[in-house]
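Quick notes on the structure that follows.
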Amino acid sequence: MKIDIRNITHTYDVDVLHDISFVLEAYKSVAIIGISGSGKSTLLRLMSGLEKPTSGDIYIDDQNVLEPNYKKHIGFIFQHHNLFPHLSLEENITLVLEKTRGVDKLTAKDTAHKYLSLLHLEDQVYKKPRNVSGGQAQRASIARALSVDPSTIFMDEPTASLDPILTFEVLSAVQELRGLGKNFVFVTHVLSFVRDFADYVIFMNEGQISEHGTPDILDHPRTQALKDFMIKVK
């Protein structure tokens with residue numbers, strides 16, 4: 001995966017990101033970490049094309065993320081599962097495939113069952129989100145993201161609303177996806193998952209990329225900001 005960020009600034013009521021430029025190539029799983037308000041989730045949303053930056057450009061694998069075709073090649077997993085509450089887990093996937101990808105009903109159903117089984121939900125297929133655990137619902141949202149066969153999956157703190165047991169359940173399921181050949185860019189506060197799953201880490205501080213490198217930067221931080229962060233989260 002190639003990430004090319006060019007002079008990105010983003011403003012809501014205040015500046016959230018400040019003139020970020022960054023190029024990264026040849027990594028498959030990139031973690032973005034930092035304290036709350038550091039800009040990490042904003043950067044993720046800009047990289048996924050869900051939001052348009054105030055200024056600057058972002059290219060993923062040499063494609064501008066604001067081009068309409070780009071969104072056909074990504075999946076996004078939110079903090080909360082965002083499943084349609086009135087539909088079964090199966091229907092949450094088939095609806096997306098039929099309405100946004102033009103997939104026929106039989107193929108959509110087969111695809112839904114394939115990815116729900118991959119996430120160990122084969123016995124929950126016909127249940128609605130309210131009738132499964134939070135961890136199962138989040139795994140279903142991962143199955144839905146995978147069903148469109150994205151090249152890159154973005155995850156924004158996918159376990160933020162889960163207790164430790166369900167967090168372990170979801171992150172263990174994500175770990176099993178390594179062999180699918182997908183790229184991952186994710187925000188998380190679970191540093192054990194960063195160490196196990198990421199092959200590159202971006203540390204955000206006050207709207208800037210303060211430090212970056214392979215996961216061993218967590219053990220040998222160079223900047224005071226990352227040193228302080230590691231003390232607080234251990």
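Residue numbers start at 1 in each chain; chains themselves are named A, B, ... in the order of the structure tokens; ligands are numbered from 1 in the order shown.
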
Pick out the residues sitting within 9 Å of range 186-188 of chain A, and hand them over as a ChimeraX atom specification; count only C-alpha atoms, and ignore anything fewer than 6 positions along from it in its own chain.
/A:29-34,40-41,44,153-160,194,198

Go ahead and save the residues from that selection, with N, CA and C atoms, as a PDB file, in the first residue's frame.
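File produced: again-v9.pdb:
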ATOM      1  N   SER A  29      -0.372  -2.929   7.016  1.00  0.00           N
ATOM      2  CA  SER A  29      -1.239  -2.678   8.160  1.00  0.00           C
ATOM      3  C   SER A  29      -0.692  -1.499   8.956  1.00  0.00           C
ATOM      4  N   VAL A  30      -1.373  -0.365   8.877  1.00  0.00           N
ATOM      5  CA  VAL A  30      -0.883   0.883   9.459  1.00  0.00           C
ATOM      6  C   VAL A  30      -1.807   1.312  10.595  1.00  0.00           C
ATOM      7  N   ALA A  31      -1.228   1.473  11.778  1.00  0.00           N
ATOM      8  CA  ALA A  31      -1.978   1.932  12.947  1.00  0.00           C
ATOM      9  C   ALA A  31      -1.770   3.431  13.139  1.00  0.00           C
ATOM     10  N   ILE A  32      -2.835   4.123  13.494  1.00  0.00           N
ATOM     11  CA  ILE A  32      -2.765   5.543  13.846  1.00  0.00           C
ATOM     12  C   ILE A  32      -3.168   5.659  15.311  1.00  0.00           C
ATOM     13  N   ILE A  33      -2.266   6.180  16.131  1.00  0.00           N
ATOM     14  CA  ILE A  33      -2.516   6.272  17.570  1.00  0.00           C
ATOM     15  C   ILE A  33      -2.329   7.705  18.044  1.00  0.00           C
ATOM     16  N   GLY A  34      -2.784   7.979  19.261  1.00  0.00           N
ATOM     17  CA  GLY A  34      -2.643   9.303  19.849  1.00  0.00           C
ATOM     18  C   GLY A  34      -3.741   9.540  20.862  1.00  0.00           C
ATOM     19  N   LYS A  40      -6.350  11.868  15.027  1.00  0.00           N
ATOM     20  CA  LYS A  40      -6.152  10.562  14.392  1.00  0.00           C
ATOM     21  C   LYS A  40      -7.394  10.078  13.636  1.00  0.00           C
ATOM     22  N   SER A  41      -8.572  10.205  14.233  1.00  0.00           N
ATOM     23  CA  SER A  41      -9.785   9.759  13.544  1.00  0.00           C
ATOM     24  C   SER A  41     -10.105  10.658  12.357  1.00  0.00           C
ATOM     25  N   LEU A  44      -7.949   9.524   9.535  1.00  0.00           N
ATOM     26  CA  LEU A  44      -8.471   8.271   8.984  1.00  0.00           C
ATOM     27  C   LEU A  44      -9.651   8.534   8.061  1.00  0.00           C
ATOM     28  N   ILE A 153      -9.087  -1.700   4.053  1.00  0.00           N
ATOM     29  CA  ILE A 153     -10.118  -1.601   5.077  1.00  0.00           C
ATOM     30  C   ILE A 153      -9.674  -0.578   6.122  1.00  0.00           C
ATOM     31  N   PHE A 154     -10.537   0.402   6.381  1.00  0.00           N
ATOM     32  CA  PHE A 154     -10.290   1.416   7.395  1.00  0.00           C
ATOM     33  C   PHE A 154     -11.130   1.079   8.628  1.00  0.00           C
ATOM     34  N   MET A 155     -10.501   1.149   9.795  1.00  0.00           N
ATOM     35  CA  MET A 155     -11.206   0.852  11.046  1.00  0.00           C
ATOM     36  C   MET A 155     -10.976   1.996  12.033  1.00  0.00           C
ATOM     37  N   ASP A 156     -12.078   2.580  12.501  1.00  0.00           N
ATOM     38  CA  ASP A 156     -11.990   3.690  13.448  1.00  0.00           C
ATOM     39  C   ASP A 156     -12.381   3.207  14.842  1.00  0.00           C
ATOM     40  N   GLU A 157     -11.377   2.834  15.626  1.00  0.00           N
ATOM     41  CA  GLU A 157     -11.577   2.337  16.988  1.00  0.00           C
ATOM     42  C   GLU A 157     -12.740   1.337  17.048  1.00  0.00           C
ATOM     43  N   PRO A 158     -12.599   0.207  16.363  1.00  0.00           N
ATOM     44  CA  PRO A 158     -13.725  -0.731  16.251  1.00  0.00           C
ATOM     45  C   PRO A 158     -14.135  -1.381  17.558  1.00  0.00           C
ATOM     46  N   THR A 159     -13.334  -1.220  18.618  1.00  0.00           N
ATOM     47  CA  THR A 159     -13.701  -1.817  19.905  1.00  0.00           C
ATOM     48  C   THR A 159     -13.960  -0.767  20.978  1.00  0.00           C
ATOM     49  N   ALA A 160     -14.120   0.491  20.584  1.00  0.00           N
ATOM     50  CA  ALA A 160     -14.238   1.578  21.562  1.00  0.00           C
ATOM     51  C   ALA A 160     -15.426   1.407  22.496  1.00  0.00           C
ATOM     52  N   VAL A 194      -1.935  -3.115  18.371  1.00  0.00           N
ATOM     53  CA  VAL A 194      -0.989  -2.413  17.501  1.00  0.00           C
ATOM     54  C   VAL A 194       0.293  -3.234  17.352  1.00  0.00           C
ATOM     55  N   ALA A 198      -0.115  -4.384  13.534  1.00  0.00           N
ATOM     56  CA  ALA A 198       0.422  -3.328  12.662  1.00  0.00           C
ATOM     57  C   ALA A 198       1.847  -3.645  12.233  1.00  0.00           C
TER      58      ALA A 198
END

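Secondary structure from DSSP on the backbone puts alpha helix (DSSP H) at the following positions of range 15-79 of chain A: A:Lys40, A:Ser41, A:Thr42, A:Leu43, A:Leu44, A:Arg45, A:Leu46, A:Met47, A:Ser48.
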
Pick out the residues sitting within 9 Å of Leu162 in chain A, and hand them over as an MDAnalysis selection string; count only C-alpha atoms, and ignore anything fewer than 4 positions along from it in its own chain.
chainID A and resid 134:135 158 166:167

Output C-alpha atoms for every residue in that selection, as a PDB file, in the first residue's frame.
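The file below, selection-v6.pdb, is the result:
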ATOM      1  CA  GLY A 134     -21.886  -6.272  20.788  1.00  0.00           C
ATOM      2  CA  GLY A 135     -18.855  -8.225  19.687  1.00  0.00           C
ATOM      3  CA  PRO A 158     -13.725  -0.731  16.251  1.00  0.00           C
ATOM      4  CA  LEU A 166     -15.739  -8.434  23.534  1.00  0.00           C
ATOM      5  CA  THR A 167     -12.716  -6.338  22.557  1.00  0.00           C
TER       6      THR A 167
END

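The shortest atom-to-atom distance to Lys114 in chain A, with only C-alpha atoms taken into account, belongs to A:Ile93 out of A:Ile20, A:Ile93, A:Arg195, A:Ser133.
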
Would you kindly return, as a list in words, each protein, DNA or RNA residue with an atom no farther than 8 Å from any atom of range 136-143 of chain A, considering only C-alpha atoms and excluding same-chain residues fewer than 5 positions away?
Ile77, His80, His81, Asn82, Leu83, Leu89, Ile93, Ala112, Tyr115, Leu116, Leu118, Leu119, Leu121, Pro129, Pro158, Val170 and Ala173 of chain A

Find the residues near His73 in chain A: any atom within 12 Å, counting only C-alpha atoms, skip ones fewer than 4 places away on the same chain, and give them as a PDB file with all heavy atoms, in the first residue's frame.
ATOM      1  N   SER A  48      -9.900   7.813   3.989  1.00  0.00           N
ATOM      2  CA  SER A  48     -10.916   6.925   3.428  1.00  0.00           C
ATOM      3  C   SER A  48     -11.835   7.645   2.442  1.00  0.00           C
ATOM      4  O   SER A  48     -12.660   6.997   1.787  1.00  0.00           O
ATOM      5  CB  SER A  48     -11.768   6.325   4.545  1.00  0.00           C
ATOM      6  OG  SER A  48     -12.549   7.325   5.171  1.00  0.00           O
ATOM      7  N   GLY A  49     -11.731   8.962   2.364  1.00  0.00           N
ATOM      8  CA  GLY A  49     -12.586   9.728   1.472  1.00  0.00           C
ATOM      9  C   GLY A  49     -13.955  10.030   2.040  1.00  0.00           C
ATOM     10  O   GLY A  49     -14.823  10.566   1.338  1.00  0.00           O
ATOM     11  N   ILE A  60      -4.087   7.281  -2.194  1.00  0.00           N
ATOM     12  CA  ILE A  60      -3.838   5.926  -1.721  1.00  0.00           C
ATOM     13  C   ILE A  60      -3.616   5.054  -2.951  1.00  0.00           C
ATOM     14  O   ILE A  60      -4.475   4.991  -3.840  1.00  0.00           O
ATOM     15  CB  ILE A  60      -5.010   5.366  -0.890  1.00  0.00           C
ATOM     16  CG1 ILE A  60      -5.328   6.288   0.293  1.00  0.00           C
ATOM     17  CG2 ILE A  60      -4.691   3.947  -0.418  1.00  0.00           C
ATOM     18  CD1 ILE A  60      -4.251   6.364   1.357  1.00  0.00           C
ATOM     19  N   ASP A  61      -2.456   4.438  -3.010  1.00  0.00           N
ATOM     20  CA  ASP A  61      -2.088   3.643  -4.192  1.00  0.00           C
ATOM     21  C   ASP A  61      -2.263   4.462  -5.468  1.00  0.00           C
ATOM     22  O   ASP A  61      -2.820   3.991  -6.474  1.00  0.00           O
ATOM     23  CB  ASP A  61      -2.898   2.350  -4.245  1.00  0.00           C
ATOM     24  CG  ASP A  61      -2.519   1.393  -3.120  1.00  0.00           C
ATOM     25  OD1 ASP A  61      -1.354   1.417  -2.689  1.00  0.00           O
ATOM     26  OD2 ASP A  61      -3.383   0.624  -2.679  1.00  0.00           O
ATOM     27  N   GLN A  63      -4.161   6.868  -6.208  1.00  0.00           N
ATOM     28  CA  GLN A  63      -5.499   7.327  -6.567  1.00  0.00           C
ATOM     29  C   GLN A  63      -5.978   8.371  -5.570  1.00  0.00           C
ATOM     30  O   GLN A  63      -5.906   8.164  -4.354  1.00  0.00           O
ATOM     31  CB  GLN A  63      -6.484   6.152  -6.602  1.00  0.00           C
ATOM     32  CG  GLN A  63      -7.878   6.561  -7.078  1.00  0.00           C
ATOM     33  CD  GLN A  63      -8.793   5.362  -7.254  1.00  0.00           C
ATOM     34  OE1 GLN A  63      -8.561   4.302  -6.690  1.00  0.00           O
ATOM     35  NE2 GLN A  63      -9.841   5.521  -8.035  1.00  0.00           N
ATOM     36  N   VAL A  65      -8.241  10.139  -3.179  1.00  0.00           N
ATOM     37  CA  VAL A  65      -9.312   9.516  -2.392  1.00  0.00           C
ATOM     38  C   VAL A  65     -10.668  10.179  -2.613  1.00  0.00           C
ATOM     39  O   VAL A  65     -11.697   9.636  -2.195  1.00  0.00           O
ATOM     40  CB  VAL A  65      -8.970   9.513  -0.887  1.00  0.00           C
ATOM     41  CG1 VAL A  65      -7.664   8.758  -0.640  1.00  0.00           C
ATOM     42  CG2 VAL A  65      -8.898  10.925  -0.329  1.00  0.00           C
ATOM     43  N   GLU A  67     -11.862  10.814  -5.643  1.00  0.00           N
ATOM     44  CA  GLU A  67     -12.428  10.323  -6.888  1.00  0.00           C
ATOM     45  C   GLU A  67     -13.535   9.308  -6.588  1.00  0.00           C
ATOM     46  O   GLU A  67     -13.368   8.446  -5.709  1.00  0.00           O
ATOM     47  CB  GLU A  67     -11.351   9.674  -7.741  1.00  0.00           C
ATOM     48  CG  GLU A  67     -10.306  10.654  -8.263  1.00  0.00           C
ATOM     49  CD  GLU A  67      -9.225   9.969  -9.081  1.00  0.00           C
ATOM     50  OE1 GLU A  67      -9.382   8.748  -9.354  1.00  0.00           O
ATOM     51  OE2 GLU A  67      -8.246  10.626  -9.439  1.00  0.00           O
ATOM     52  N   PRO A  68     -14.666   9.397  -7.288  1.00  0.00           N
ATOM     53  CA  PRO A  68     -15.798   8.499  -6.984  1.00  0.00           C
ATOM     54  C   PRO A  68     -15.423   7.023  -7.031  1.00  0.00           C
ATOM     55  O   PRO A  68     -15.925   6.228  -6.231  1.00  0.00           O
ATOM     56  CB  PRO A  68     -16.813   8.854  -8.083  1.00  0.00           C
ATOM     57  CG  PRO A  68     -16.482  10.263  -8.462  1.00  0.00           C
ATOM     58  CD  PRO A  68     -14.985  10.377  -8.334  1.00  0.00           C
ATOM     59  N   ASN A  69     -14.559   6.642  -7.934  1.00  0.00           N
ATOM     60  CA  ASN A  69     -14.208   5.235  -8.083  1.00  0.00           C
ATOM     61  C   ASN A  69     -13.441   4.688  -6.872  1.00  0.00           C
ATOM     62  O   ASN A  69     -13.448   3.481  -6.611  1.00  0.00           O
ATOM     63  CB  ASN A  69     -13.370   5.037  -9.346  1.00  0.00           C
ATOM     64  CG  ASN A  69     -13.195   3.577  -9.700  1.00  0.00           C
ATOM     65  OD1 ASN A  69     -14.164   2.819  -9.809  1.00  0.00           O
ATOM     66  ND2 ASN A  69     -11.945   3.156  -9.870  1.00  0.00           N
ATOM     67  N   ARG A 101     -23.763  -2.526  -5.428  1.00  0.00           N
ATOM     68  CA  ARG A 101     -22.859  -3.222  -6.348  1.00  0.00           C
ATOM     69  C   ARG A 101     -23.585  -3.976  -7.455  1.00  0.00           C
ATOM     70  O   ARG A 101     -22.946  -4.556  -8.327  1.00  0.00           O
ATOM     71  CB  ARG A 101     -21.958  -4.197  -5.572  1.00  0.00           C
ATOM     72  CG  ARG A 101     -21.128  -3.522  -4.477  1.00  0.00           C
ATOM     73  CD  ARG A 101     -20.248  -2.419  -5.032  1.00  0.00           C
ATOM     74  NE  ARG A 101     -19.649  -1.594  -4.013  1.00  0.00           N
ATOM     75  CZ  ARG A 101     -18.394  -1.697  -3.614  1.00  0.00           C
ATOM     76  NH1 ARG A 101     -17.603  -2.618  -4.134  1.00  0.00           N
ATOM     77  NH2 ARG A 101     -17.921  -0.886  -2.686  1.00  0.00           N
ATOM     78  N   ALA A 145     -18.097  -5.112   5.585  1.00  0.00           N
ATOM     79  CA  ALA A 145     -17.032  -4.363   4.913  1.00  0.00           C
ATOM     80  C   ALA A 145     -16.237  -5.257   3.962  1.00  0.00           C
ATOM     81  O   ALA A 145     -15.857  -4.838   2.865  1.00  0.00           O
ATOM     82  CB  ALA A 145     -16.101  -3.739   5.955  1.00  0.00           C
ATOM     83  N   LEU A 146     -16.002  -6.495   4.363  1.00  0.00           N
ATOM     84  CA  LEU A 146     -15.248  -7.427   3.527  1.00  0.00           C
ATOM     85  C   LEU A 146     -16.041  -7.886   2.312  1.00  0.00           C
ATOM     86  O   LEU A 146     -15.459  -8.233   1.277  1.00  0.00           O
ATOM     87  CB  LEU A 146     -14.847  -8.659   4.342  1.00  0.00           C
ATOM     88  CG  LEU A 146     -13.743  -8.478   5.380  1.00  0.00           C
ATOM     89  CD1 LEU A 146     -13.666  -9.697   6.276  1.00  0.00           C
ATOM     90  CD2 LEU A 146     -12.405  -8.228   4.701  1.00  0.00           C
ATOM     91  N   SER A 147     -17.362  -7.878   2.413  1.00  0.00           N
ATOM     92  CA  SER A 147     -18.201  -8.461   1.366  1.00  0.00           C
ATOM     93  C   SER A 147     -18.074  -7.750   0.021  1.00  0.00           C
ATOM     94  O   SER A 147     -18.334  -8.349  -1.022  1.00  0.00           O
ATOM     95  CB  SER A 147     -19.669  -8.459   1.812  1.00  0.00           C
ATOM     96  OG  SER A 147     -20.210  -7.147   1.814  1.00  0.00           O
ATOM     97  N   VAL A 148     -17.675  -6.489   0.028  1.00  0.00           N
ATOM     98  CA  VAL A 148     -17.537  -5.746  -1.226  1.00  0.00           C
ATOM     99  C   VAL A 148     -16.140  -5.913  -1.823  1.00  0.00           C
ATOM    100  O   VAL A 148     -15.793  -5.258  -2.798  1.00  0.00           O
ATOM    101  CB  VAL A 148     -17.864  -4.248  -1.025  1.00  0.00           C
ATOM    102  CG1 VAL A 148     -19.300  -4.075  -0.574  1.00  0.00           C
ATOM    103  CG2 VAL A 148     -16.906  -3.593  -0.029  1.00  0.00           C
ATOM    104  N   ASP A 149     -15.350  -6.802  -1.229  1.00  0.00           N
ATOM    105  CA  ASP A 149     -14.003  -7.137  -1.700  1.00  0.00           C
ATOM    106  C   ASP A 149     -13.120  -5.896  -1.829  1.00  0.00           C
ATOM    107  O   ASP A 149     -12.551  -5.622  -2.894  1.00  0.00           O
ATOM    108  CB  ASP A 149     -14.076  -7.871  -3.043  1.00  0.00           C
ATOM    109  CG  ASP A 149     -12.747  -8.521  -3.419  1.00  0.00           C
ATOM    110  OD1 ASP A 149     -11.955  -8.820  -2.504  1.00  0.00           O
ATOM    111  OD2 ASP A 149     -12.497  -8.709  -4.627  1.00  0.00           O
ATOM    112  N   PRO A 150     -12.946  -5.140  -0.737  1.00  0.00           N
ATOM    113  CA  PRO A 150     -12.119  -3.928  -0.801  1.00  0.00           C
ATOM    114  C   PRO A 150     -10.636  -4.284  -0.819  1.00  0.00           C
ATOM    115  O   PRO A 150     -10.219  -5.337  -0.331  1.00  0.00           O
ATOM    116  CB  PRO A 150     -12.476  -3.206   0.502  1.00  0.00           C
ATOM    117  CG  PRO A 150     -12.773  -4.333   1.450  1.00  0.00           C
ATOM    118  CD  PRO A 150     -13.446  -5.394   0.623  1.00  0.00           C
ATOM    119  N   SER A 151      -9.843  -3.376  -1.372  1.00  0.00           N
ATOM    120  CA  SER A 151      -8.391  -3.570  -1.296  1.00  0.00           C
ATOM    121  C   SER A 151      -7.856  -3.032   0.029  1.00  0.00           C
ATOM    122  O   SER A 151      -6.858  -3.532   0.556  1.00  0.00           O
ATOM    123  CB  SER A 151      -7.695  -2.875  -2.469  1.00  0.00           C
ATOM    124  OG  SER A 151      -8.011  -1.495  -2.500  1.00  0.00           O
ATOM    125  N   THR A 152      -8.541  -2.015   0.586  1.00  0.00           N
ATOM    126  CA  THR A 152      -8.120  -1.415   1.852  1.00  0.00           C
ATOM    127  C   THR A 152      -9.307  -1.315   2.796  1.00  0.00           C
ATOM    128  O   THR A 152     -10.394  -0.905   2.392  1.00  0.00           O
ATOM    129  CB  THR A 152      -7.525  -0.010   1.631  1.00  0.00           C
ATOM    130  OG1 THR A 152      -6.431  -0.098   0.718  1.00  0.00           O
ATOM    131  CG2 THR A 152      -7.033   0.587   2.944  1.00  0.00           C
ATOM    132  N   ILE A 153      -9.087  -1.700   4.053  1.00  0.00           N
ATOM    133  CA  ILE A 153     -10.118  -1.601   5.077  1.00  0.00           C
ATOM    134  C   ILE A 153      -9.674  -0.578   6.122  1.00  0.00           C
ATOM    135  O   ILE A 153      -8.570  -0.666   6.667  1.00  0.00           O
ATOM    136  CB  ILE A 153     -10.356  -2.961   5.747  1.00  0.00           C
ATOM    137  CG1 ILE A 153     -10.900  -3.957   4.718  1.00  0.00           C
ATOM    138  CG2 ILE A 153     -11.329  -2.834   6.920  1.00  0.00           C
ATOM    139  CD1 ILE A 153     -11.048  -5.356   5.247  1.00  0.00           C
ATOM    140  N   PHE A 154     -10.537   0.402   6.381  1.00  0.00           N
ATOM    141  CA  PHE A 154     -10.290   1.416   7.395  1.00  0.00           C
ATOM    142  C   PHE A 154     -11.130   1.079   8.628  1.00  0.00           C
ATOM    143  O   PHE A 154     -12.317   0.774   8.509  1.00  0.00           O
ATOM    144  CB  PHE A 154     -10.670   2.806   6.879  1.00  0.00           C
ATOM    145  CG  PHE A 154      -9.804   3.283   5.744  1.00  0.00           C
ATOM    146  CD1 PHE A 154     -10.136   3.003   4.425  1.00  0.00           C
ATOM    147  CD2 PHE A 154      -8.641   4.009   5.991  1.00  0.00           C
ATOM    148  CE1 PHE A 154      -9.336   3.431   3.383  1.00  0.00           C
ATOM    149  CE2 PHE A 154      -7.830   4.433   4.955  1.00  0.00           C
ATOM    150  CZ  PHE A 154      -8.179   4.157   3.645  1.00  0.00           C
ATOM    151  N   LYS A 182      -5.553  -8.108   2.216  1.00  0.00           N
ATOM    152  CA  LYS A 182      -6.084  -6.745   2.285  1.00  0.00           C
ATOM    153  C   LYS A 182      -5.079  -5.813   2.961  1.00  0.00           C
ATOM    154  O   LYS A 182      -4.203  -6.243   3.712  1.00  0.00           O
ATOM    155  CB  LYS A 182      -7.389  -6.717   3.085  1.00  0.00           C
ATOM    156  CG  LYS A 182      -8.435  -7.712   2.637  1.00  0.00           C
ATOM    157  CD  LYS A 182      -8.930  -7.437   1.239  1.00  0.00           C
ATOM    158  CE  LYS A 182     -10.029  -8.411   0.855  1.00  0.00           C
ATOM    159  NZ  LYS A 182     -10.456  -8.234  -0.556  1.00  0.00           N
ATOM    160  N   ASN A 183      -5.237  -4.525   2.689  1.00  0.00           N
ATOM    161  CA  ASN A 183      -4.526  -3.491   3.434  1.00  0.00           C
ATOM    162  C   ASN A 183      -5.427  -2.997   4.563  1.00  0.00           C
ATOM    163  O   ASN A 183      -6.648  -2.926   4.400  1.00  0.00           O
ATOM    164  CB  ASN A 183      -4.168  -2.313   2.526  1.00  0.00           C
ATOM    165  CG  ASN A 183      -3.255  -2.717   1.391  1.00  0.00           C
ATOM    166  OD1 ASN A 183      -2.297  -3.460   1.576  1.00  0.00           O
ATOM    167  ND2 ASN A 183      -3.554  -2.235   0.191  1.00  0.00           N
TER     168      ASN A 183
END

Given only C-alpha atoms as the counted atoms, nearest of A:Val174, A:Ala26, A:Val201, A:Val96 to Thr214 in chain A:
A:Val201

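When DSSP is run on the backbone, the residues of range 39-206 of chain A that fall into strand (DSSP E) are Ser55, Gly56, Asp57, Ile58, Tyr59, Ile60, Gln63, Asn64, Ile74, Gly75, Phe76, Ile77, Thr152, Ile153, Phe154, Met155, Asp156, Asn183, Phe184, Val185, Phe186, Val187, Tyr200, Val201, Ile202, Phe203, Met204 and Asn205 of chain A.
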
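Proximity of A:Ile209, A:His113, A:His120, A:Gly179 to Ile5 in chain A, computed with only C-alpha atoms, is greatest for A:Ile209.
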
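Of the residues under consideration (A:Thr100, A:Leu171, A:Glu90, A:Glu206), A:Glu90 shows the shortest atom-to-atom contact distance to Asp123 in chain A when counting only C-alpha atoms.
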
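For the pair CA of Pro221 in chain A and CA of Gly56 in chain A, the interatomic distance is 28.7 Å.
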
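We find CA of Leu97 in chain A and CA of Asp62 in chain A to be spaced 26.1 Å apart.
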